[in-house]
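**Student:** This is the structure, below, for whatever I ask next.
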Amino acid sequence: MLILGLGYTASRLAARLDARGWQVRATNRDGRGGAIHFGDEEAVRLAIASSTHILSSVPPDAEGADPVLARYGAQIARSPARWVGYLSSTGVYGDTGGAWVDETAAIGTGRRSARAEADAAWGALHPEARVFRLPGIYGPGRSALERVASGKAHRIDLPGQVFSRVHVDDIVGAVLASFEAGPAGVYNIADDLPASQNAVIEEACRMLGLSAPPLMTLDEAGLSPAARGFYAENRRVATAKAKRLLGWRPLYPDYRLGLAACRA
């Protein structure tokens, strides 16, 4: 496995594969920790040519370009890999007013236009390409529990606002399942209980024995433009395709179970 971009989710996948005896190579921006420097084109191209499985977790850059596609896309397209994957975002669907959305829905209408372009390009890049569209990712060390404990959690007064989310280990499980089952294509990966962000924060507060933060308007919360953008969209993510074709089921089908696992 070659992993382009060894971030939070990809690191969890790498650890699982390593435990199973896989040879895992990865890139990062500075070559630390034994990884390949992303800019070392000779080493990266050699890894692409000799890998059976290739995964990119690199999002578009500040200019909206996909760094992996720009630099190595042509070689990945020609590679003999049996499996190619890309970690995308359910943000490509834009706002659905809280309605359920599946993989047949149009993309590119929301604030994530660059991500939608990368999503489509990866899907067309290689005959064995799998695109995993992911909602908000949480897991050990990166969940509502840490935000509540640090005093950085907010409750925003937006009645009817719901989101899907996914535990990092359920993403890993879906990727592993796709090695053995299901055709190339696009898969939504999310839990089974879309809920408001407020409900998640309230559950984290309950677990920690802390009072919930007060309800605030978006203006009162003083959120960054990126955080405000998060609240500008409202959707529920359907995952029937992944369950049917990959045989995947989330270990943590709702945020309560996921937060309990994080705390444990």
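Just remember, in the structure tokens the first chain shown is A, the second B, etc., residues are 1-based per chain, and ligands are 1-based in the order shown.
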Run DSSP on the backbone and give me the residues of range 68-184 of chain A it puts in strand (DSSP E), as a PDB file with all heavy atoms, in the first residue's frame.
**Tutor:**
```pdb
ATOM      1  N   TRP A  83      -5.935  -1.580  -6.968  1.00  0.00           N
ATOM      2  CA  TRP A  83      -6.896  -0.806  -6.186  1.00  0.00           C
ATOM      3  C   TRP A  83      -6.345   0.604  -6.026  1.00  0.00           C
ATOM      4  O   TRP A  83      -5.177   0.804  -5.666  1.00  0.00           O
ATOM      5  CB  TRP A  83      -7.080  -1.463  -4.822  1.00  0.00           C
ATOM      6  CG  TRP A  83      -8.103  -0.851  -3.902  1.00  0.00           C
ATOM      7  CD1 TRP A  83      -9.383  -1.258  -3.712  1.00  0.00           C
ATOM      8  CD2 TRP A  83      -7.920   0.273  -3.021  1.00  0.00           C
ATOM      9  NE1 TRP A  83     -10.003  -0.472  -2.774  1.00  0.00           N
ATOM     10  CE2 TRP A  83      -9.133   0.474  -2.330  1.00  0.00           C
ATOM     11  CE3 TRP A  83      -6.835   1.121  -2.745  1.00  0.00           C
ATOM     12  CZ2 TRP A  83      -9.302   1.493  -1.398  1.00  0.00           C
ATOM     13  CZ3 TRP A  83      -7.000   2.149  -1.822  1.00  0.00           C
ATOM     14  CH2 TRP A  83      -8.230   2.316  -1.166  1.00  0.00           C
ATOM     15  N   VAL A  84      -7.181   1.603  -6.297  1.00  0.00           N
ATOM     16  CA  VAL A  84      -6.821   3.017  -6.109  1.00  0.00           C
ATOM     17  C   VAL A  84      -7.949   3.661  -5.316  1.00  0.00           C
ATOM     18  O   VAL A  84      -9.134   3.448  -5.622  1.00  0.00           O
ATOM     19  CB  VAL A  84      -6.629   3.738  -7.458  1.00  0.00           C
ATOM     20  CG1 VAL A  84      -6.452   5.243  -7.253  1.00  0.00           C
ATOM     21  CG2 VAL A  84      -5.426   3.164  -8.213  1.00  0.00           C
ATOM     22  N   GLY A  85      -7.603   4.420  -4.283  1.00  0.00           N
ATOM     23  CA  GLY A  85      -8.628   5.041  -3.449  1.00  0.00           C
ATOM     24  C   GLY A  85      -8.373   6.510  -3.210  1.00  0.00           C
ATOM     25  O   GLY A  85      -7.232   6.981  -3.253  1.00  0.00           O
ATOM     26  N   TYR A  86      -9.457   7.247  -2.951  1.00  0.00           N
ATOM     27  CA  TYR A  86      -9.367   8.672  -2.634  1.00  0.00           C
ATOM     28  C   TYR A  86     -10.356   8.982  -1.525  1.00  0.00           C
ATOM     29  O   TYR A  86     -11.532   8.613  -1.596  1.00  0.00           O
ATOM     30  CB  TYR A  86      -9.697   9.509  -3.870  1.00  0.00           C
ATOM     31  CG  TYR A  86      -9.750  10.999  -3.611  1.00  0.00           C
ATOM     32  CD1 TYR A  86      -8.614  11.692  -3.192  1.00  0.00           C
ATOM     33  CD2 TYR A  86     -10.924  11.720  -3.791  1.00  0.00           C
ATOM     34  CE1 TYR A  86      -8.657  13.052  -2.955  1.00  0.00           C
ATOM     35  CE2 TYR A  86     -10.971  13.086  -3.563  1.00  0.00           C
ATOM     36  CZ  TYR A  86      -9.836  13.751  -3.136  1.00  0.00           C
ATOM     37  OH  TYR A  86      -9.873  15.106  -2.900  1.00  0.00           O
ATOM     38  N   LEU A  87      -9.882   9.659  -0.490  1.00  0.00           N
ATOM     39  CA  LEU A  87     -10.747  10.083   0.613  1.00  0.00           C
ATOM     40  C   LEU A  87     -11.296  11.463   0.284  1.00  0.00           C
ATOM     41  O   LEU A  87     -10.585  12.467   0.346  1.00  0.00           O
ATOM     42  CB  LEU A  87      -9.961  10.104   1.932  1.00  0.00           C
ATOM     43  CG  LEU A  87      -9.344   8.777   2.371  1.00  0.00           C
ATOM     44  CD1 LEU A  87      -8.744   8.918   3.763  1.00  0.00           C
ATOM     45  CD2 LEU A  87     -10.357   7.633   2.337  1.00  0.00           C
ATOM     46  N   SER A  88     -12.565  11.498  -0.064  1.00  0.00           N
ATOM     47  CA  SER A  88     -13.243  12.727  -0.445  1.00  0.00           C
ATOM     48  C   SER A  88     -14.124  13.199   0.706  1.00  0.00           C
ATOM     49  O   SER A  88     -13.940  12.799   1.860  1.00  0.00           O
ATOM     50  CB  SER A  88     -14.049  12.484  -1.720  1.00  0.00           C
ATOM     51  OG  SER A  88     -14.665  13.672  -2.182  1.00  0.00           O
ATOM     52  N   SER A  89     -15.099  14.031   0.403  1.00  0.00           N
ATOM     53  CA  SER A  89     -15.957  14.639   1.425  1.00  0.00           C
ATOM     54  C   SER A  89     -17.403  14.642   0.963  1.00  0.00           C
ATOM     55  O   SER A  89     -17.696  14.855  -0.226  1.00  0.00           O
ATOM     56  CB  SER A  89     -15.500  16.075   1.686  1.00  0.00           C
ATOM     57  OG  SER A  89     -16.473  16.804   2.410  1.00  0.00           O
ATOM     58  N   TRP A 100     -31.981  13.299   2.917  1.00  0.00           N
ATOM     59  CA  TRP A 100     -30.994  12.252   2.708  1.00  0.00           C
ATOM     60  C   TRP A 100     -30.368  12.397   1.322  1.00  0.00           C
ATOM     61  O   TRP A 100     -31.031  12.772   0.360  1.00  0.00           O
ATOM     62  CB  TRP A 100     -31.635  10.871   2.827  1.00  0.00           C
ATOM     63  CG  TRP A 100     -32.023  10.518   4.231  1.00  0.00           C
ATOM     64  CD1 TRP A 100     -33.222  10.722   4.828  1.00  0.00           C
ATOM     65  CD2 TRP A 100     -31.179   9.901   5.212  1.00  0.00           C
ATOM     66  NE1 TRP A 100     -33.195  10.278   6.128  1.00  0.00           N
ATOM     67  CE2 TRP A 100     -31.962   9.756   6.400  1.00  0.00           C
ATOM     68  CE3 TRP A 100     -29.864   9.440   5.224  1.00  0.00           C
ATOM     69  CZ2 TRP A 100     -31.461   9.187   7.558  1.00  0.00           C
ATOM     70  CZ3 TRP A 100     -29.363   8.869   6.376  1.00  0.00           C
ATOM     71  CH2 TRP A 100     -30.150   8.739   7.524  1.00  0.00           C
ATOM     72  N   VAL A 101     -29.074  12.056   1.227  1.00  0.00           N
ATOM     73  CA  VAL A 101     -28.381  12.134  -0.049  1.00  0.00           C
ATOM     74  C   VAL A 101     -27.574  10.860  -0.252  1.00  0.00           C
ATOM     75  O   VAL A 101     -26.932  10.349   0.664  1.00  0.00           O
ATOM     76  CB  VAL A 101     -27.471  13.383  -0.098  1.00  0.00           C
ATOM     77  CG1 VAL A 101     -26.371  13.317   0.947  1.00  0.00           C
ATOM     78  CG2 VAL A 101     -26.882  13.598  -1.472  1.00  0.00           C
ATOM     79  N   ALA A 129     -10.554   2.763  -9.432  1.00  0.00           N
ATOM     80  CA  ALA A 129     -10.646   3.842  -8.447  1.00  0.00           C
ATOM     81  C   ALA A 129     -11.899   3.739  -7.593  1.00  0.00           C
ATOM     82  O   ALA A 129     -13.010   3.551  -8.104  1.00  0.00           O
ATOM     83  CB  ALA A 129     -10.614   5.198  -9.141  1.00  0.00           C
ATOM     84  N   ARG A 130     -11.708   3.880  -6.271  1.00  0.00           N
ATOM     85  CA  ARG A 130     -12.796   3.981  -5.299  1.00  0.00           C
ATOM     86  C   ARG A 130     -12.714   5.348  -4.640  1.00  0.00           C
ATOM     87  O   ARG A 130     -11.656   5.734  -4.146  1.00  0.00           O
ATOM     88  CB  ARG A 130     -12.692   2.916  -4.209  1.00  0.00           C
ATOM     89  CG  ARG A 130     -13.259   1.560  -4.583  1.00  0.00           C
ATOM     90  CD  ARG A 130     -12.276   0.730  -5.332  1.00  0.00           C
ATOM     91  NE  ARG A 130     -12.781  -0.648  -5.501  1.00  0.00           N
ATOM     92  CZ  ARG A 130     -12.326  -1.481  -6.415  1.00  0.00           C
ATOM     93  NH1 ARG A 130     -11.349  -1.117  -7.235  1.00  0.00           N
ATOM     94  NH2 ARG A 130     -12.821  -2.695  -6.512  1.00  0.00           N
ATOM     95  N   VAL A 131     -13.820   6.063  -4.633  1.00  0.00           N
ATOM     96  CA  VAL A 131     -13.889   7.372  -3.994  1.00  0.00           C
ATOM     97  C   VAL A 131     -14.788   7.242  -2.768  1.00  0.00           C
ATOM     98  O   VAL A 131     -15.951   6.852  -2.887  1.00  0.00           O
ATOM     99  CB  VAL A 131     -14.435   8.436  -4.954  1.00  0.00           C
ATOM    100  CG1 VAL A 131     -14.631   9.771  -4.229  1.00  0.00           C
ATOM    101  CG2 VAL A 131     -13.496   8.608  -6.147  1.00  0.00           C
ATOM    102  N   PHE A 132     -14.234   7.559  -1.598  1.00  0.00           N
ATOM    103  CA  PHE A 132     -14.980   7.459  -0.343  1.00  0.00           C
ATOM    104  C   PHE A 132     -15.379   8.862   0.095  1.00  0.00           C
ATOM    105  O   PHE A 132     -14.513   9.677   0.443  1.00  0.00           O
ATOM    106  CB  PHE A 132     -14.135   6.777   0.730  1.00  0.00           C
ATOM    107  CG  PHE A 132     -13.699   5.386   0.353  1.00  0.00           C
ATOM    108  CD1 PHE A 132     -12.485   5.173  -0.264  1.00  0.00           C
ATOM    109  CD2 PHE A 132     -14.523   4.298   0.592  1.00  0.00           C
ATOM    110  CE1 PHE A 132     -12.078   3.896  -0.637  1.00  0.00           C
ATOM    111  CE2 PHE A 132     -14.140   3.016   0.228  1.00  0.00           C
ATOM    112  CZ  PHE A 132     -12.909   2.811  -0.393  1.00  0.00           C
ATOM    113  N   ARG A 133     -16.676   9.148   0.074  1.00  0.00           N
ATOM    114  CA  ARG A 133     -17.162  10.465   0.494  1.00  0.00           C
ATOM    115  C   ARG A 133     -17.482  10.406   1.980  1.00  0.00           C
ATOM    116  O   ARG A 133     -18.335   9.631   2.408  1.00  0.00           O
ATOM    117  CB  ARG A 133     -18.393  10.860  -0.335  1.00  0.00           C
ATOM    118  CG  ARG A 133     -18.027  11.127  -1.796  1.00  0.00           C
ATOM    119  CD  ARG A 133     -19.213  11.473  -2.650  1.00  0.00           C
ATOM    120  NE  ARG A 133     -18.796  11.701  -4.031  1.00  0.00           N
ATOM    121  CZ  ARG A 133     -19.607  11.642  -5.088  1.00  0.00           C
ATOM    122  NH1 ARG A 133     -20.899  11.380  -4.911  1.00  0.00           N
ATOM    123  NH2 ARG A 133     -19.143  11.847  -6.308  1.00  0.00           N
ATOM    124  N   LEU A 134     -16.799  11.262   2.735  1.00  0.00           N
ATOM    125  CA  LEU A 134     -16.824  11.192   4.197  1.00  0.00           C
ATOM    126  C   LEU A 134     -17.402  12.472   4.784  1.00  0.00           C
ATOM    127  O   LEU A 134     -17.062  13.575   4.351  1.00  0.00           O
ATOM    128  CB  LEU A 134     -15.396  10.994   4.721  1.00  0.00           C
ATOM    129  CG  LEU A 134     -14.578   9.890   4.035  1.00  0.00           C
ATOM    130  CD1 LEU A 134     -13.142   9.931   4.514  1.00  0.00           C
ATOM    131  CD2 LEU A 134     -15.204   8.523   4.293  1.00  0.00           C
ATOM    132  N   GLY A 136     -18.109  14.581   8.690  1.00  0.00           N
ATOM    133  CA  GLY A 136     -17.194  14.950   9.764  1.00  0.00           C
ATOM    134  C   GLY A 136     -16.556  13.729  10.409  1.00  0.00           C
ATOM    135  O   GLY A 136     -17.268  12.811  10.825  1.00  0.00           O
ATOM    136  N   ILE A 137     -15.245  13.722  10.468  1.00  0.00           N
ATOM    137  CA  ILE A 137     -14.501  12.575  10.997  1.00  0.00           C
ATOM    138  C   ILE A 137     -14.131  12.841  12.451  1.00  0.00           C
ATOM    139  O   ILE A 137     -13.644  13.921  12.799  1.00  0.00           O
ATOM    140  CB  ILE A 137     -13.222  12.342  10.184  1.00  0.00           C
ATOM    141  CG1 ILE A 137     -13.564  12.085   8.712  1.00  0.00           C
ATOM    142  CG2 ILE A 137     -12.419  11.174  10.754  1.00  0.00           C
ATOM    143  CD1 ILE A 137     -12.352  12.120   7.783  1.00  0.00           C
ATOM    144  N   TYR A 138     -14.367  11.848  13.298  1.00  0.00           N
ATOM    145  CA  TYR A 138     -13.947  11.967  14.689  1.00  0.00           C
ATOM    146  C   TYR A 138     -13.345  10.637  15.124  1.00  0.00           C
ATOM    147  O   TYR A 138     -13.464   9.617  14.441  1.00  0.00           O
ATOM    148  CB  TYR A 138     -15.117  12.354  15.593  1.00  0.00           C
ATOM    149  CG  TYR A 138     -16.127  11.245  15.827  1.00  0.00           C
ATOM    150  CD1 TYR A 138     -16.107  10.484  17.004  1.00  0.00           C
ATOM    151  CD2 TYR A 138     -17.106  10.941  14.872  1.00  0.00           C
ATOM    152  CE1 TYR A 138     -17.032   9.462  17.222  1.00  0.00           C
ATOM    153  CE2 TYR A 138     -18.028   9.928  15.078  1.00  0.00           C
ATOM    154  CZ  TYR A 138     -17.982   9.191  16.254  1.00  0.00           C
ATOM    155  OH  TYR A 138     -18.880   8.174  16.465  1.00  0.00           O
ATOM    156  N   ARG A 155     -22.541  25.454  21.246  1.00  0.00           N
ATOM    157  CA  ARG A 155     -23.879  25.030  20.845  1.00  0.00           C
ATOM    158  C   ARG A 155     -24.508  26.198  20.095  1.00  0.00           C
ATOM    159  O   ARG A 155     -24.643  27.293  20.640  1.00  0.00           O
ATOM    160  CB  ARG A 155     -24.733  24.638  22.047  1.00  0.00           C
ATOM    161  CG  ARG A 155     -24.342  23.318  22.681  1.00  0.00           C
ATOM    162  CD  ARG A 155     -25.470  22.784  23.577  1.00  0.00           C
ATOM    163  NE  ARG A 155     -25.862  23.784  24.563  1.00  0.00           N
ATOM    164  CZ  ARG A 155     -27.100  23.877  25.074  1.00  0.00           C
ATOM    165  NH1 ARG A 155     -28.057  23.062  24.675  1.00  0.00           N
ATOM    166  NH2 ARG A 155     -27.372  24.797  25.994  1.00  0.00           N
ATOM    167  N   ILE A 156     -24.850  25.942  18.838  1.00  0.00           N
ATOM    168  CA  ILE A 156     -25.369  26.997  17.984  1.00  0.00           C
ATOM    169  C   ILE A 156     -26.881  26.849  17.846  1.00  0.00           C
ATOM    170  O   ILE A 156     -27.389  25.751  17.605  1.00  0.00           O
ATOM    171  CB  ILE A 156     -24.709  26.946  16.590  1.00  0.00           C
ATOM    172  CG1 ILE A 156     -23.172  26.993  16.727  1.00  0.00           C
ATOM    173  CG2 ILE A 156     -25.202  28.089  15.724  1.00  0.00           C
ATOM    174  CD1 ILE A 156     -22.653  28.247  17.382  1.00  0.00           C
ATOM    175  N   ARG A 165     -21.824  12.051  10.501  1.00  0.00           N
ATOM    176  CA  ARG A 165     -20.434  11.994  10.942  1.00  0.00           C
ATOM    177  C   ARG A 165     -19.971  10.556  10.865  1.00  0.00           C
ATOM    178  O   ARG A 165     -20.779   9.643  10.629  1.00  0.00           O
ATOM    179  CB  ARG A 165     -20.292  12.545  12.377  1.00  0.00           C
ATOM    180  CG  ARG A 165     -21.225  11.883  13.357  1.00  0.00           C
ATOM    181  CD  ARG A 165     -21.358  12.641  14.660  1.00  0.00           C
ATOM    182  NE  ARG A 165     -21.668  14.059  14.510  1.00  0.00           N
ATOM    183  CZ  ARG A 165     -22.879  14.546  14.228  1.00  0.00           C
ATOM    184  NH1 ARG A 165     -23.893  13.729  14.029  1.00  0.00           N
ATOM    185  NH2 ARG A 165     -23.077  15.828  14.124  1.00  0.00           N
ATOM    186  N   VAL A 166     -18.690  10.308  11.074  1.00  0.00           N
ATOM    187  CA  VAL A 166     -18.182   8.943  10.980  1.00  0.00           C
ATOM    188  C   VAL A 166     -16.964   8.797  11.875  1.00  0.00           C
ATOM    189  O   VAL A 166     -16.112   9.689  11.944  1.00  0.00           O
ATOM    190  CB  VAL A 166     -17.837   8.566   9.519  1.00  0.00           C
ATOM    191  CG1 VAL A 166     -16.703   9.416   8.957  1.00  0.00           C
ATOM    192  CG2 VAL A 166     -17.521   7.092   9.390  1.00  0.00           C
ATOM    193  N   HIS A 167     -16.910   7.681  12.594  1.00  0.00           N
ATOM    194  CA  HIS A 167     -15.741   7.350  13.408  1.00  0.00           C
ATOM    195  C   HIS A 167     -14.607   6.926  12.481  1.00  0.00           C
ATOM    196  O   HIS A 167     -14.818   6.215  11.495  1.00  0.00           O
ATOM    197  CB  HIS A 167     -16.097   6.216  14.376  1.00  0.00           C
ATOM    198  CG  HIS A 167     -15.065   5.966  15.427  1.00  0.00           C
ATOM    199  ND1 HIS A 167     -13.855   5.352  15.147  1.00  0.00           N
ATOM    200  CD2 HIS A 167     -15.050   6.230  16.763  1.00  0.00           C
ATOM    201  CE1 HIS A 167     -13.157   5.248  16.260  1.00  0.00           C
ATOM    202  NE2 HIS A 167     -13.858   5.785  17.251  1.00  0.00           N
TER     203      HIS A 167
END
```
**Student:** Which one is closest to Ala26 in chain A: A:Ala14, A:Leu125, A:Val148, A:Leu158? Count only C-alpha atoms.
**Tutor:**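 Of all the options, A:Ala14 lies closest to Ala26 in chain A.
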**Student:** Go through A:Val237, A:Leu145, A:Ala121, A:Met216 one by one, measure the shortest atom-to-atom distance of each to Tyr93 in chain A using only C-alpha atoms, and give the residue with the smallest value.
**Tutor:** A:Val237
**Student:** Can you pull out the residues contacting Arg235 in chain A? Cut-off 8 Å, using only C-alpha atoms, and skip same-chain residues under 3 positions away; I want them as JSON, numbers by chain.
**Tutor:** {"A": [95, 96, 97, 98, 99, 100, 101, 162, 163, 164]}
**Student:** Which of range 19-157 of chain A counts as alpha helix (DSSP H) under DSSP, as a PyMOL selection string please?
**Tutor:** chain A and resi 19+41-49+67-78+113-125+144-149
**Student:** Would you pick out the contacts of range 33-41 of chain A at 9 Å or less, using only C-alpha atoms, so that residues sharing its chain but fewer than 4 positions from it are not included, and give the list as a count of residues only?
**Tutor:** 13
**Student:** Using only C-alpha atoms, which residue out of A:Glu146, A:Glu128, A:Glu202, A:Asp169 lies closest to Thr52 in chain A?
**Tutor:**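 Nearest candidate to Thr52 in chain A out of A:Glu146, A:Glu128, A:Glu202, A:Asp169: A:Glu128.
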**Student:** I'd like the neighbourhood of Arg16 in chain A as a list in words, where a residue qualifies if any of its atoms comes within 10 Å (using only C-alpha atoms), though same-chain residues fewer than 3 positions away should be ignored.
**Tutor:**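 In the requested form, the answer reads Ala10, Ser11, Arg12, Leu13, Ala19, Arg20, Gly21, Trp22, Asp169, Val172, Gly173 and Leu176 of chain A.
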**Student:** Could you check which of A:Gly94, A:Gly139, A:Gly258, A:Gly209 is closest to Asn234 in chain A, using only C-alpha atoms?
**Tutor:**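 Counting only C-alpha atoms, the residue closest to Asn234 in chain A is A:Gly94.
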**Student:** List as a count of residues only the protein and nucleic acid residues near Lys243 in chain A, meaning an atom at most 12 Å away when only C-alpha atoms are counted, but skip any in the same chain fewer than 6 places from it.
**Tutor:** 15
**Student:** Could you state the separation of CA of Ala120 in chain A and CA of Ile107 in chain A in Å, given to one decimal place?
**Tutor:** 8.8 Å
**Student:** Kindly indicate which residue among A:Ala15, A:Ala114, A:Ala227, A:Val44 lies nearest to Asp61 in chain A, using only C-alpha atoms for the distances.
**Tutor:**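 Counting only C-alpha atoms, the residue closest to Asp61 in chain A is A:Ala114.
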**Student:** May I ask which of the residues A:Leu245, A:Gly141, A:Ala232, A:Leu251 is the closest one to Ala264 in chain A, counting only C-alpha atoms?
**Tutor:**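 Closest candidate: A:Gly141.
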**Student:** Neighbouring residues of Ser51 in chain A were defined as those with any atom within 9 Å, considering only C-alpha atoms; residues of the same chain fewer than 4 positions away were excluded. Please report them as a count of residues only.
**Tutor:** 9
**Student:** To one decimal place, how far is CA of Arg142 in chain A from CA of Glu180 in chain A in Å?
**Tutor:** 29.3 Å
